[in-house]
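What's in data_35.cif: mmCIF, C-alpha atoms
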data_protein
#
loop_
_atom_site.label_atom_id
_atom_site.label_comp_id
_atom_site.auth_asym_id
_atom_site.auth_seq_id
_atom_site.Cartn_x
_atom_site.Cartn_y
_atom_site.Cartn_z
CA MET A 1 74.86 93.76 66.68
CA ASN A 2 73.71 93.21 70.22
CA ARG A 3 76.76 91.11 70.89
CA ALA A 4 79.08 93.70 69.33
CA LEU A 5 77.61 96.38 71.57
CA LYS A 6 78.09 94.19 74.63
CA HIS A 7 81.76 93.68 73.79
CA ILE A 8 82.30 97.38 73.17
CA ILE A 9 80.85 98.13 76.60
CA LEU A 10 83.04 95.44 78.18
CA PHE A 11 86.06 96.92 76.41
CA VAL A 12 85.46 100.36 77.91
CA LEU A 13 84.48 98.97 81.31
CA PHE A 14 87.56 96.81 81.76
CA LEU A 15 89.79 99.59 80.46
CA LEU A 16 88.41 101.95 83.12
CA ILE A 17 88.60 99.31 85.87
CA GLN A 18 92.23 98.60 84.98
CA VAL A 19 93.25 102.24 84.81
CA PHE A 20 91.32 103.65 87.75
CA VAL A 21 91.01 100.73 90.16
CA LEU A 22 93.47 97.89 89.61
CA ARG A 23 96.33 100.24 88.84
CA GLY A 24 96.51 101.18 92.48
CA MET A 25 96.66 97.61 93.70
CA ALA A 26 99.63 95.32 93.91
CA PHE A 27 101.20 92.73 96.15
CA TRP A 28 104.94 92.87 96.52
CA ASN A 29 106.01 93.69 92.99
CA ALA A 30 103.19 91.94 91.19
CA VAL A 31 100.28 93.73 89.52
CA PRO A 32 96.89 92.34 88.42
CA LEU A 33 96.18 92.95 84.71
CA LEU A 34 92.56 91.96 84.41
CA TYR A 35 92.02 93.93 81.21
CA VAL A 36 93.23 90.95 79.14
CA TYR A 37 89.94 89.29 80.07
CA VAL A 38 88.33 91.42 77.35
CA VAL A 39 90.53 89.74 74.74
CA LEU A 40 89.93 86.29 76.22
CA ILE A 41 86.17 86.34 75.77
CA TRP A 42 85.76 87.82 72.29
CA PRO A 43 83.45 85.56 70.22
CA SER A 44 85.19 82.93 68.13
CA ASN A 45 83.81 84.30 64.85
CA MET A 46 85.27 87.77 65.27
CA PRO A 47 87.41 88.58 62.19
CA ARG A 48 91.05 88.06 62.97
CA TRP A 49 92.18 91.44 61.68
CA LEU A 50 89.61 93.08 63.94
CA GLN A 51 90.94 91.13 66.90
CA VAL A 52 94.46 92.35 66.18
CA LEU A 53 93.28 95.93 65.75
CA CYS A 54 91.17 95.93 68.92
CA GLY A 55 93.98 94.27 70.86
CA PHE A 56 96.37 97.00 69.81
CA LEU A 57 93.85 99.70 70.63
CA LEU A 58 93.18 98.28 74.10
CA GLY A 59 96.89 98.04 74.89
CA LEU A 60 97.59 101.51 73.50
CA LEU A 61 94.84 103.07 75.61
CA ILE A 62 96.23 101.38 78.72
CA ASP A 63 99.67 102.70 77.76
CA ILE A 64 98.38 106.22 77.32
CA PHE A 65 96.60 106.25 80.66
CA CYS A 66 99.46 104.63 82.54
CA ASP A 67 102.39 106.24 80.70
CA THR A 68 103.91 102.89 79.87
CA LEU A 69 104.65 103.79 76.23
CA GLY A 70 103.92 100.84 74.00
CA MET A 71 104.51 97.95 76.41
CA ASN A 72 100.88 96.99 76.89
CA ALA A 73 100.15 97.61 73.20
CA MET A 74 102.90 95.19 72.26
CA ALA A 75 101.80 92.42 74.60
CA THR A 76 98.08 92.76 73.90
CA THR A 77 98.52 92.85 70.11
CA LEU A 78 100.49 89.61 70.35
CA ILE A 79 97.85 87.69 72.29
CA ALA A 80 95.08 89.09 70.11
CA TYR A 81 96.93 87.70 67.09
CA LEU A 82 97.68 84.31 68.67
CA ARG A 83 94.20 83.93 70.14
CA GLN A 84 92.68 82.05 67.21
CA PRO A 85 95.33 79.29 66.99
CA LEU A 86 95.36 78.89 70.79
CA LEU A 87 91.59 78.65 70.88
CA VAL A 88 91.68 75.97 68.19
CA THR A 89 94.45 74.10 70.00
CA PHE A 90 92.85 74.01 73.43
CA GLY A 91 89.14 74.26 72.83
CA ASN A 92 86.73 72.50 70.57
CA ILE A 93 85.28 75.43 68.66
CA ASP A 94 84.04 73.47 65.65
CA ASN A 95 80.48 73.35 66.86
CA GLY A 96 79.31 76.87 66.21
CA VAL A 97 80.16 80.34 67.45
CA ILE A 98 81.18 80.56 71.07
CA GLU A 99 82.40 83.08 73.57
CA PRO A 100 85.27 81.36 75.35
CA GLY A 101 84.41 80.52 78.93
CA GLU A 102 84.32 77.69 81.42
CA ARG A 103 80.76 76.83 80.39
CA SER A 104 81.22 76.92 76.65
CA MET A 105 84.62 75.23 76.49
CA GLY A 106 84.78 73.08 79.59
CA PHE A 107 86.84 73.76 82.69
CA LEU A 108 90.23 72.33 81.70
CA PRO A 109 90.38 73.47 78.03
CA PHE A 110 89.36 76.99 79.04
CA TRP A 111 91.97 77.27 81.74
CA LYS A 112 94.71 75.91 79.48
CA TYR A 113 93.72 78.62 77.01
CA VAL A 114 93.64 81.30 79.71
CA LEU A 115 96.95 80.24 81.21
CA SER A 116 98.73 80.33 77.85
CA MET A 117 97.24 83.70 76.85
CA VAL A 118 97.89 85.39 80.20
CA SER A 119 101.42 83.97 80.48
CA LEU A 120 102.33 85.12 76.97
CA HIS A 121 100.97 88.58 77.63
CA HIS A 122 102.68 89.05 80.99
CA VAL A 123 106.04 87.65 79.83
CA VAL A 124 106.14 90.01 76.84
CA LEU A 125 104.99 92.97 78.94
CA PHE A 126 107.49 92.56 81.76
CA VAL A 127 110.39 91.63 79.50
CA ALA A 128 109.71 94.83 77.53
CA GLU A 129 109.63 96.72 80.82
CA SER A 130 112.90 95.16 81.97
CA PHE A 131 114.81 96.83 79.14
CA SER A 132 115.12 99.85 81.40
CA LEU A 133 116.43 97.81 84.31
CA PHE A 134 117.30 94.15 84.01
CA LYS A 135 117.17 92.23 87.27
CA PRO A 136 116.37 88.55 86.68
CA GLY A 137 114.99 87.96 90.16
CA LEU A 138 112.71 90.97 90.08
CA LEU A 139 111.58 90.14 86.53
CA LEU A 140 110.68 86.57 87.49
CA LEU A 141 108.84 87.78 90.59
CA ARG A 142 106.87 90.29 88.58
CA ILE A 143 105.95 87.79 85.86
CA VAL A 144 104.94 84.89 88.11
CA GLY A 145 103.23 87.06 90.73
CA SER A 146 101.28 89.02 88.16
CA ILE A 147 100.16 85.89 86.31
CA LEU A 148 98.84 84.52 89.60
CA LEU A 149 96.98 87.74 90.44
CA THR A 150 95.46 88.01 86.97
CA LEU A 151 94.38 84.35 87.01
CA ILE A 152 92.69 84.83 90.37
CA LEU A 153 90.73 87.79 89.02
CA VAL A 154 89.78 85.91 85.84
CA PHE A 155 88.57 83.07 88.07
CA VAL A 156 86.41 85.52 90.02
CA MET A 157 85.04 87.00 86.77
CA GLU A 158 84.08 83.53 85.57
CA ARG A 159 82.04 83.02 88.77
CA PHE A 160 80.19 86.26 88.07
CA ARG A 161 79.47 85.45 84.47
CA ARG A 162 75.86 85.06 83.64
CA ARG A 163 74.74 81.61 82.65
CA SER A 164 73.70 81.71 79.04
CA MET B 1 99.63 91.85 40.70
CA ARG B 2 96.71 89.55 41.26
CA ALA B 3 98.91 87.20 43.18
CA LEU B 4 100.11 90.06 45.34
CA LEU B 5 96.58 91.20 46.11
CA LEU B 6 95.59 87.66 46.90
CA PHE B 7 98.58 87.32 49.19
CA LEU B 8 97.71 90.58 50.96
CA HIS B 9 94.11 89.49 51.35
CA LYS B 10 95.03 86.08 52.73
CA ASN B 11 97.58 87.46 55.17
CA ALA B 12 95.83 90.67 56.10
CA SER B 13 95.74 89.93 59.82
CA THR B 14 99.39 88.86 59.90
CA LEU B 15 100.48 92.00 58.10
CA LEU B 16 98.34 94.15 60.35
CA PHE B 17 99.83 92.37 63.35
CA LEU B 18 103.40 93.04 62.19
CA LEU B 19 102.60 96.65 61.44
CA LEU B 20 101.02 97.30 64.83
CA GLU B 21 103.79 95.49 66.70
CA ALA B 22 106.29 97.69 64.87
CA ALA B 23 104.29 100.74 65.96
CA ALA B 24 104.31 99.55 69.58
CA LEU B 25 108.05 98.87 69.42
CA PHE B 26 108.65 102.31 67.95
CA LEU B 27 106.72 103.89 70.81
CA LEU B 28 108.65 101.81 73.34
CA LEU B 29 112.06 102.70 71.93
CA THR B 30 111.52 106.39 71.23
CA GLY B 31 109.32 106.99 74.24
CA ASN B 32 112.27 107.57 76.54
CA SER B 33 112.02 111.18 75.64
CA TYR B 34 108.48 111.57 76.86
CA HIS B 35 108.22 115.14 75.70
CA GLN B 36 108.43 114.12 72.06
CA SER B 37 105.33 112.04 72.46
CA VAL B 38 103.16 113.93 74.94
CA TRP B 39 100.13 112.86 72.99
CA PHE B 40 100.80 109.22 73.86
CA THR B 41 100.98 109.94 77.58
CA SER B 42 98.35 110.68 80.18
CA ALA B 43 99.16 114.39 79.84
CA ASN B 44 97.11 114.60 76.65
CA ALA B 45 93.95 116.64 76.99
CA TRP B 46 91.55 113.69 77.05
CA SER B 47 93.07 111.43 79.63
CA GLY B 48 94.20 114.49 81.56
CA LYS B 49 90.59 115.58 81.85
CA MET B 50 89.47 112.12 82.93
CA TYR B 51 92.09 111.98 85.65
CA ALA B 52 91.21 115.53 86.69
CA PHE B 53 87.57 114.47 86.99
CA ARG B 54 88.50 111.49 89.14
CA HIS B 55 90.64 113.75 91.28
CA ARG B 56 87.66 116.04 91.86
CA VAL B 57 85.59 113.06 92.98
CA THR B 58 88.08 111.11 95.08
CA GLY B 59 90.66 113.78 95.82
CA TYR B 60 89.20 114.32 99.28
CA LEU B 61 90.10 110.85 100.48
CA ASN B 62 93.72 111.66 101.23
CA LEU B 63 93.15 115.11 102.64
CA GLY B 64 93.39 113.95 106.24
CA GLN B 65 96.90 112.65 105.85
CA ALA B 66 97.96 115.52 103.59
CA ASN B 67 96.74 117.93 106.22
CA ASP B 68 98.66 116.16 108.98
CA GLU B 69 101.81 116.20 106.92
CA LEU B 70 101.49 119.92 106.19
CA TRP B 71 100.60 120.73 109.76
CA GLN B 72 103.68 118.91 111.09
CA ARG B 73 105.90 120.51 108.50
CA ASN B 74 104.45 123.89 109.31
CA SER B 75 105.15 123.44 113.01
CA GLN B 76 108.75 122.46 112.28
CA LEU B 77 109.22 125.52 110.10
CA GLU B 78 107.65 127.82 112.68
CA GLN B 79 110.06 126.53 115.26
CA GLU B 80 112.96 126.98 112.89
CA VAL B 81 111.91 130.53 112.05
CA ALA B 82 111.53 131.39 115.73
CA GLY B 83 115.00 129.99 116.45
CA LEU B 84 116.61 131.83 113.56
CA ARG B 85 114.89 135.08 114.41
CA HIS B 86 116.10 134.82 117.97
CA GLU B 87 119.67 134.24 116.81
CA LEU B 88 119.54 137.03 114.27
CA GLU B 89 118.08 139.50 116.75
CA GLN B 90 120.92 138.77 119.13
CA MET B 91 123.28 139.61 116.28
CA GLY B 92 121.52 142.95 115.85
CA TRP B 93 119.73 142.18 112.62
CA GLU B 94 116.86 144.25 111.33
CA LYS B 95 114.13 142.93 109.09
CA SER B 96 114.34 143.87 105.44
CA ASP B 97 111.81 143.26 102.68
CA THR B 98 114.25 142.76 99.87
CA VAL B 99 115.23 139.14 100.24
CA ALA B 100 115.80 137.63 96.82
CA PHE B 101 115.12 133.94 96.39
CA ALA B 102 116.85 131.82 93.82
CA TYR B 103 113.65 129.94 93.01
CA ASP B 104 109.89 130.04 93.33
CA PHE B 105 107.21 127.37 93.19
CA VAL B 106 104.38 126.25 90.96
CA TYR B 107 101.86 124.33 93.08
CA GLY B 108 100.17 121.26 91.66
CA HIS B 109 97.97 118.34 92.64
CA VAL B 110 98.63 114.69 91.90
CA LEU B 111 96.06 113.39 89.42
CA ARG B 112 97.61 109.99 88.85
CA ASN B 113 100.56 108.38 90.53
CA SER B 114 102.09 105.03 89.72
CA ILE B 115 104.26 103.17 92.22
CA TYR B 116 104.20 99.62 90.88
CA ASP B 117 106.12 100.11 87.62
CA LEU B 118 109.84 100.33 87.11
CA GLU B 119 109.50 103.72 85.48
CA ASN B 120 106.99 105.35 87.76
CA THR B 121 105.46 108.66 86.83
CA VAL B 122 103.10 111.22 88.34
CA LEU B 123 100.52 113.21 86.42
CA THR B 124 99.94 116.73 87.77
CA ASP B 125 97.31 119.33 86.99
CA VAL B 126 99.71 122.13 86.12
CA GLY B 127 101.26 122.54 82.68
CA ALA B 128 103.06 124.90 80.37
CA ALA B 129 100.30 127.48 80.83
CA ASP B 130 101.13 127.64 84.54
CA GLY B 131 104.82 128.10 83.91
CA VAL B 132 105.93 124.48 84.08
CA ALA B 133 108.80 123.40 81.84
CA VAL B 134 110.55 120.12 81.18
CA GLY B 135 113.46 119.63 83.56
CA MET B 136 111.98 121.36 86.60
CA GLY B 137 112.53 119.65 89.94
CA VAL B 138 109.50 118.53 91.95
CA THR B 139 109.09 118.09 95.70
CA SER B 140 106.34 116.93 97.99
CA PRO B 141 105.74 118.90 101.19
CA VAL B 142 108.40 116.78 102.92
CA GLY B 143 111.00 115.75 100.35
CA ILE B 144 111.95 115.54 96.71
CA ALA B 145 109.53 113.70 94.43
CA GLY B 146 110.93 113.80 90.90
CA LEU B 147 111.55 115.71 87.72
CA VAL B 148 109.21 117.08 85.03
CA VAL B 149 109.75 115.03 81.86
CA ALA B 150 106.85 116.19 79.72
CA CYS B 151 104.25 118.90 79.80
CA SER B 152 101.24 119.78 77.75
CA GLU B 153 99.24 122.97 78.08
CA HIS B 154 97.48 122.09 81.33
CA TYR B 155 99.12 118.91 82.57
CA SER B 156 102.60 117.63 83.13
CA ILE B 157 104.28 114.32 83.77
CA VAL B 158 106.83 113.91 86.50
CA ALA B 159 109.25 110.99 86.46
CA SER B 160 109.30 110.23 90.17
CA VAL B 161 112.27 109.25 92.29
CA LEU B 162 110.80 105.76 91.85
CA ASN B 163 111.86 105.64 88.22
CA VAL B 164 114.84 103.42 87.52
CA LYS B 165 116.00 105.69 84.71
CA MET B 166 116.34 108.77 86.89
CA ARG B 167 119.43 109.99 88.73
CA PHE B 168 119.28 112.79 91.26
CA SER B 169 122.44 114.55 92.34
CA CYS B 170 122.42 114.49 96.13
CA LYS B 171 124.76 114.94 99.04
CA ILE B 172 124.92 114.22 102.71
CA LYS B 173 123.86 117.31 104.63
CA GLY B 174 126.78 119.25 105.99
CA SER B 175 129.32 117.70 103.63
CA GLN B 176 130.37 118.55 100.11
CA VAL B 177 130.51 115.00 98.82
CA THR B 178 127.89 114.34 96.16
CA GLY B 179 126.64 111.22 94.46
CA PRO B 180 123.75 110.07 92.31
CA LEU B 181 120.56 108.88 94.00
CA SER B 182 118.66 106.17 92.16
CA TRP B 183 115.95 103.61 92.76
CA ASP B 184 116.42 99.85 92.39
CA GLY B 185 112.87 98.98 91.39
CA LYS B 186 111.98 97.10 94.58
CA ASP B 187 110.88 98.97 97.68
CA ILE B 188 109.12 102.29 97.21
CA HIS B 189 110.39 103.57 100.56
CA TYR B 190 114.09 103.32 99.76
CA ALA B 191 116.52 104.66 97.16
CA TYR B 192 120.28 104.34 96.96
CA LEU B 193 122.93 107.02 97.09
CA SER B 194 126.03 105.65 95.40
CA GLU B 195 129.59 106.68 94.60
CA LEU B 196 130.30 107.94 98.11
CA PRO B 197 134.03 107.87 98.78
CA GLY B 198 134.92 105.15 101.27
CA TYR B 199 137.55 107.13 103.12
CA VAL B 200 135.05 109.42 104.82
CA SER B 201 133.06 108.04 107.68
CA TRP B 202 129.31 108.56 107.32
CA HIS B 203 126.73 107.77 109.91
CA GLU B 204 123.41 106.07 109.80
CA GLY B 205 120.72 108.66 110.38
CA ASP B 206 122.53 111.36 108.40
CA THR B 207 120.20 113.44 106.26
CA VAL B 208 120.49 113.40 102.48
CA VAL B 209 119.68 116.60 100.58
CA THR B 210 119.86 117.75 96.96
CA SER B 211 123.31 118.94 95.95
CA GLY B 212 122.28 121.87 93.80
CA PHE B 213 124.60 120.61 91.07
CA SER B 214 121.73 120.22 88.64
CA GLU B 215 119.52 122.78 86.98
CA SER B 216 116.46 121.20 88.53
CA PHE B 217 116.95 121.55 92.25
CA ALA B 218 118.47 124.29 94.30
CA GLU B 219 120.77 123.10 97.06
CA GLY B 220 119.42 121.64 100.25
CA PHE B 221 116.00 120.17 99.46
CA PRO B 222 115.46 117.24 101.83
CA VAL B 223 115.55 113.75 100.30
CA GLY B 224 115.73 111.19 103.10
CA VAL B 225 117.85 109.70 105.87
CA ILE B 226 120.56 107.06 105.59
CA GLU B 227 119.35 103.74 106.85
CA SER B 228 122.39 101.55 106.22
CA PHE B 229 125.54 101.20 104.17
CA ASP B 230 126.53 98.69 101.57
CA LYS B 231 130.28 98.46 101.38
CA ASN B 232 131.70 96.57 98.47
CA GLU B 233 135.12 95.10 99.30
CA ASP B 234 136.52 95.55 95.78
CA SER B 235 135.30 99.07 95.39
CA GLN B 236 136.58 102.26 96.93
CA PHE B 237 133.06 103.62 96.90
CA ILE B 238 130.22 102.92 99.26
CA LYS B 239 126.51 102.91 98.65
CA ALA B 240 123.98 104.20 101.16
CA LYS B 241 120.43 102.95 101.51
CA VAL B 242 118.26 106.04 101.96
CA ARG B 243 114.81 106.04 103.51
CA LEU B 244 112.90 108.58 101.45
CA PHE B 245 110.95 111.32 103.21
CA THR B 246 108.30 111.44 100.51
CA GLN B 247 105.54 108.87 100.94
CA PHE B 248 104.78 108.02 97.35
CA GLU B 249 101.75 105.87 98.07
CA THR B 250 99.88 108.88 99.45
CA LEU B 251 101.43 111.65 97.38
CA SER B 252 98.83 114.38 96.89
CA THR B 253 100.38 117.84 96.59
CA LEU B 254 103.50 118.89 94.74
CA ARG B 255 105.71 121.93 94.41
CA LEU B 256 107.45 122.36 91.08
CA ILE B 257 110.62 124.35 91.51
CA ARG B 258 111.26 127.18 89.11
CA LEU B 259 114.83 128.35 89.45
CA VAL B 260 114.82 132.06 88.82
CA ASP B 261 118.12 132.22 86.98
CA GLU B 262 117.42 129.00 85.16
CA GLU B 263 117.70 130.62 81.75
CA GLU B 264 121.06 132.01 82.66
CA ILE B 265 122.31 128.58 83.71
CA HIS B 266 120.99 127.08 80.49
CA GLY B 267 122.72 129.79 78.52
CA LEU B 268 126.02 129.14 80.24
CA GLN B 269 125.82 125.44 79.59
CA ASN B 270 125.09 125.95 75.95
CA GLY B 271 128.06 128.23 75.64
CA ARG B 272 126.10 131.42 75.09
CA LEU B 273 125.20 134.10 77.53
#
Could you write out this structure as structure tokens?
Amino acid sequence: MNRALKHIILFVLFLLIQVFVLRGMAFWNAVPLLYVYVVLIWPSNMPRWLQVLCGFLLGLLIDIFCDTLGMNAMATTLIAYLRQPLLVTFGNIDNGVIEPGERSMGFLPFWKYVLSMVSLHHVVLFVAESFSLFKPGLLLLRIVGSILLTLILVFVMERFRRRS
Amino acid sequence: MRALLLFLHKNASTLLFLLLEAAALFLLLTGNSYHQSVWFTSANAWSGKMYAFRHRVTGYLNLGQANDELWQRNSQLEQEVAGLRHELEQMGWEKSDTVAFAYDFVYGHVLRNSIYDLENTVLTDVGAADGVAVGMGVTSPVGIAGLVVACSEHYSIVASVLNVKMRFSCKIKGSQVTGPLSWDGKDIHYAYLSELPGYVSWHEGDTVVTSGFSESFAEGFPVGVIESFDKNEDSQFIKAKVRLFTQFETLSTLRLIRLVDEEEIHGLQNGRL
């Protein structure tokens, strides 16, 4: 219960940070989307249907606040659904319940997992966005730049994470 | 039946996933008409209130620049009025109180403003209750800013000039040649005025204003100045790169234009009067 409460608080916190702080930051045409960090660190025993539902809810709330109409919901639902198989592929989660992180998974497995999740999310998001204006160069710039920015922020978050 | 239930149970998360993705896709595809889904935008009462609260807390941060902008604009206008009055007095004009304007303004604040998307929007703190309606043109103190695309009771959403789906009918000041102004998704300081006939010679530094050929803007609202031209050899049209007057990164106050005979125009277009 304690853990559930912690993740609910994180959910709200990262939603607010994304909407009220990170939204106003960008370099060139790339934007940091740190809110996916919430999805990354859900415990490994969280029911899969709940992951999908919470992923959708997180994305939808971002969409509502940012007027992006379904784009974030689409991308976040996808990574919430694919999280379990990716976690199994890259990390050794056989030995008990874990919250994915550098400490619990090891540096390289965790970052492989993060890279694949973040890339999937950003590709889906920006491809969905590009339906209104398709410019391959701009699209590529937005995807690659945003992945880099998000990864940097996830890296910073991992430094801050309490040792447990 | 048992097999079906078992199947549903085993694949619950996959089915839920497909269902929710379909919902997201539906929102994405039908969302173009924002006003049909106001609830799913920041103009809904809850997020509107949260943004309004933030505005109350941090709204003071930009006041310095907003004040400068207004002060400069005010000085320009004062000069213009003085000049016009002088000219009119020489022509023997007497002041009358019965000047009818073709439009009036609803004044709003910017609660949320995006500039890093392709379809950028602005949330304002005025809505239907203040007389705002979908389709009204919006300007900042210095130039055009966008078009109202959705409004709830107390909030409205403006698709800004920085929205790749928007087209604004504009013209070069002093001419009658119009063309659509649109944004290319890259630099928030520039938009492009296209479909200008190539046989007329335009100049860099010419001012671009609204054409008045839409029901959203009256004629002559400032838009920007021409920075350069892009002449395509195969085409008989030229495209002008326009430096926008409105600074979208520090947008703080808006005027929403209410054309007085708007209903009449609507009526004409719908074939009834």
Counting only C-alpha atoms, give me one row per residue of chain A with an atom at most 10 Å from an atom of chain B, showing the shortest contact pair and its distance in Å to one decimal, sorted by chain then residue number, as JSON lines.
{"residue": "A:Val19", "atom": "CA", "partner": "B:Arg112", "partner_atom": "CA", "distance": 9.8}
{"residue": "A:Phe20", "atom": "CA", "partner": "B:Arg54", "partner_atom": "CA", "distance": 8.4}
{"residue": "A:Arg23", "atom": "CA", "partner": "B:Ser114", "partner_atom": "CA", "distance": 7.5}
{"residue": "A:Gly24", "atom": "CA", "partner": "B:Ser114", "partner_atom": "CA", "distance": 7.3}
{"residue": "A:Met25", "atom": "CA", "partner": "B:Tyr116", "partner_atom": "CA", "distance": 8.3}
{"residue": "A:Ala26", "atom": "CA", "partner": "B:Tyr116", "partner_atom": "CA", "distance": 7.0}
{"residue": "A:Phe27", "atom": "CA", "partner": "B:Tyr116", "partner_atom": "CA", "distance": 9.2}
{"residue": "A:Trp28", "atom": "CA", "partner": "B:Lys186", "partner_atom": "CA", "distance": 8.4}
{"residue": "A:Asn29", "atom": "CA", "partner": "B:Tyr116", "partner_atom": "CA", "distance": 6.5}
{"residue": "A:Ala30", "atom": "CA", "partner": "B:Tyr116", "partner_atom": "CA", "distance": 7.8}
{"residue": "A:Val31", "atom": "CA", "partner": "B:Tyr116", "partner_atom": "CA", "distance": 7.2}
{"residue": "A:Pro47", "atom": "CA", "partner": "B:Ser13", "partner_atom": "CA", "distance": 8.8}
{"residue": "A:Arg48", "atom": "CA", "partner": "B:Ser13", "partner_atom": "CA", "distance": 6.0}
{"residue": "A:Trp49", "atom": "CA", "partner": "B:Ser13", "partner_atom": "CA", "distance": 4.3}
{"residue": "A:Leu50", "atom": "CA", "partner": "B:Ser13", "partner_atom": "CA", "distance": 8.0}
{"residue": "A:Gln51", "atom": "CA", "partner": "B:Ser13", "partner_atom": "CA", "distance": 8.6}
{"residue": "A:Val52", "atom": "CA", "partner": "B:Phe17", "partner_atom": "CA", "distance": 6.1}
{"residue": "A:Leu53", "atom": "CA", "partner": "B:Leu16", "partner_atom": "CA", "distance": 7.6}
{"residue": "A:Gly55", "atom": "CA", "partner": "B:Phe17", "partner_atom": "CA", "distance": 9.7}
{"residue": "A:Phe56", "atom": "CA", "partner": "B:Leu20", "partner_atom": "CA", "distance": 6.8}
{"residue": "A:Leu57", "atom": "CA", "partner": "B:Leu20", "partner_atom": "CA", "distance": 9.5}
{"residue": "A:Gly59", "atom": "CA", "partner": "B:Ala24", "partner_atom": "CA", "distance": 9.2}
{"residue": "A:Leu60", "atom": "CA", "partner": "B:Ala24", "partner_atom": "CA", "distance": 8.0}
{"residue": "A:Leu61", "atom": "CA", "partner": "B:Phe40", "partner_atom": "CA", "distance": 8.7}
{"residue": "A:Ile62", "atom": "CA", "partner": "B:Ser42", "partner_atom": "CA", "distance": 9.6}
{"residue": "A:Asp63", "atom": "CA", "partner": "B:Thr41", "partner_atom": "CA", "distance": 7.4}
{"residue": "A:Ile64", "atom": "CA", "partner": "B:Thr41", "partner_atom": "CA", "distance": 4.5}
{"residue": "A:Phe65", "atom": "CA", "partner": "B:Ser42", "partner_atom": "CA", "distance": 4.8}
{"residue": "A:Cys66", "atom": "CA", "partner": "B:Ser42", "partner_atom": "CA", "distance": 6.6}
{"residue": "A:Asp67", "atom": "CA", "partner": "B:Thr41", "partner_atom": "CA", "distance": 5.0}
{"residue": "A:Thr68", "atom": "CA", "partner": "B:Glu119", "partner_atom": "CA", "distance": 8.0}
{"residue": "A:Leu69", "atom": "CA", "partner": "B:Leu28", "partner_atom": "CA", "distance": 5.3}
{"residue": "A:Gly70", "atom": "CA", "partner": "B:Ala24", "partner_atom": "CA", "distance": 4.6}
{"residue": "A:Met71", "atom": "CA", "partner": "B:Leu28", "partner_atom": "CA", "distance": 6.4}
{"residue": "A:Asn72", "atom": "CA", "partner": "B:Ala24", "partner_atom": "CA", "distance": 8.5}
{"residue": "A:Ala73", "atom": "CA", "partner": "B:Ala24", "partner_atom": "CA", "distance": 5.8}
{"residue": "A:Met74", "atom": "CA", "partner": "B:Ala24", "partner_atom": "CA", "distance": 5.3}
{"residue": "A:Ala75", "atom": "CA", "partner": "B:Glu21", "partner_atom": "CA", "distance": 8.7}
{"residue": "A:Thr76", "atom": "CA", "partner": "B:Glu21", "partner_atom": "CA", "distance": 9.6}
{"residue": "A:Thr77", "atom": "CA", "partner": "B:Glu21", "partner_atom": "CA", "distance": 6.8}
{"residue": "A:Leu78", "atom": "CA", "partner": "B:Phe17", "partner_atom": "CA", "distance": 7.6}
{"residue": "A:Ala80", "atom": "CA", "partner": "B:Phe17", "partner_atom": "CA", "distance": 8.9}
{"residue": "A:Tyr81", "atom": "CA", "partner": "B:Phe17", "partner_atom": "CA", "distance": 6.6}
{"residue": "A:Leu82", "atom": "CA", "partner": "B:Phe17", "partner_atom": "CA", "distance": 9.9}
{"residue": "A:Phe126", "atom": "CA", "partner": "B:Asp117", "partner_atom": "CA", "distance": 9.7}
{"residue": "A:Ala128", "atom": "CA", "partner": "B:Leu28", "partner_atom": "CA", "distance": 8.2}
{"residue": "A:Glu129", "atom": "CA", "partner": "B:Leu118", "partner_atom": "CA", "distance": 7.3}
{"residue": "A:Ser130", "atom": "CA", "partner": "B:Leu118", "partner_atom": "CA", "distance": 7.9}
{"residue": "A:Phe131", "atom": "CA", "partner": "B:Leu29", "partner_atom": "CA", "distance": 9.7}
{"residue": "A:Ser132", "atom": "CA", "partner": "B:Lys165", "partner_atom": "CA", "distance": 6.8}
{"residue": "A:Leu133", "atom": "CA", "partner": "B:Val164", "partner_atom": "CA", "distance": 6.7}
{"residue": "A:Phe134", "atom": "CA", "partner": "B:Gly185", "partner_atom": "CA", "distance": 9.9}
{"residue": "A:Lys135", "atom": "CA", "partner": "B:Gly185", "partner_atom": "CA", "distance": 9.0}
{"residue": "A:Leu138", "atom": "CA", "partner": "B:Lys186", "partner_atom": "CA", "distance": 7.6}
{"residue": "A:Arg142", "atom": "CA", "partner": "B:Asp117", "partner_atom": "CA", "distance": 9.9}
Can you list what the PyMOL selection byres ((chain B and resi 197) around 7) grabs from this structure, as a list in words?
Glu195, Leu196, Gly198, Tyr199, Val200, Gln236, Phe237 and Ile238 of chain B
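When you apply the PyMOL selection byres ((chain A and resi 91) around 10) to this structure, what comes back is Pro85, Leu86, Leu87, Val88, Thr89, Phe90, Asn92, Ile93, Asp94, Pro100, Gly101, Ser104, Met105, Gly106, Leu108, Pro109, Phe110, Trp111, Lys112 and Tyr113 of chain A.
The gap separating CA of Gln84 (chain A) from CA of Leu8 (chain B) is 19.0 Å, in Å to one decimal.
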Have a look at B:Gly135, B:Gly127, B:Gly108, B:Pro141 and name the one nearest to Asn67 (chain B); count all atoms listed in the file.
B:Pro141
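Using the PyMOL selection byres ((chain A and resi 37) around 10) on this structure selects Leu10, Phe11, Phe14, Leu33, Leu34, Tyr35, Val36, Val38, Val39, Leu40, Ile41, Trp42, Val114, Met117, Val118, Thr150, Leu151, Leu153, Val154, Met157 and Glu158 of chain A.
Between CA of Ser119 (chain A) and CA of Ile79 (chain A) there is a distance of 9.7 Å.
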So, with all atoms listed in the file as the atoms that count, which of B:Phe53, B:Thr210, B:Ala45, B:Leu111 lies closest to Ser152 (chain B)?
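Selected residue with least distance to Ser152 (chain B): B:Ala45.
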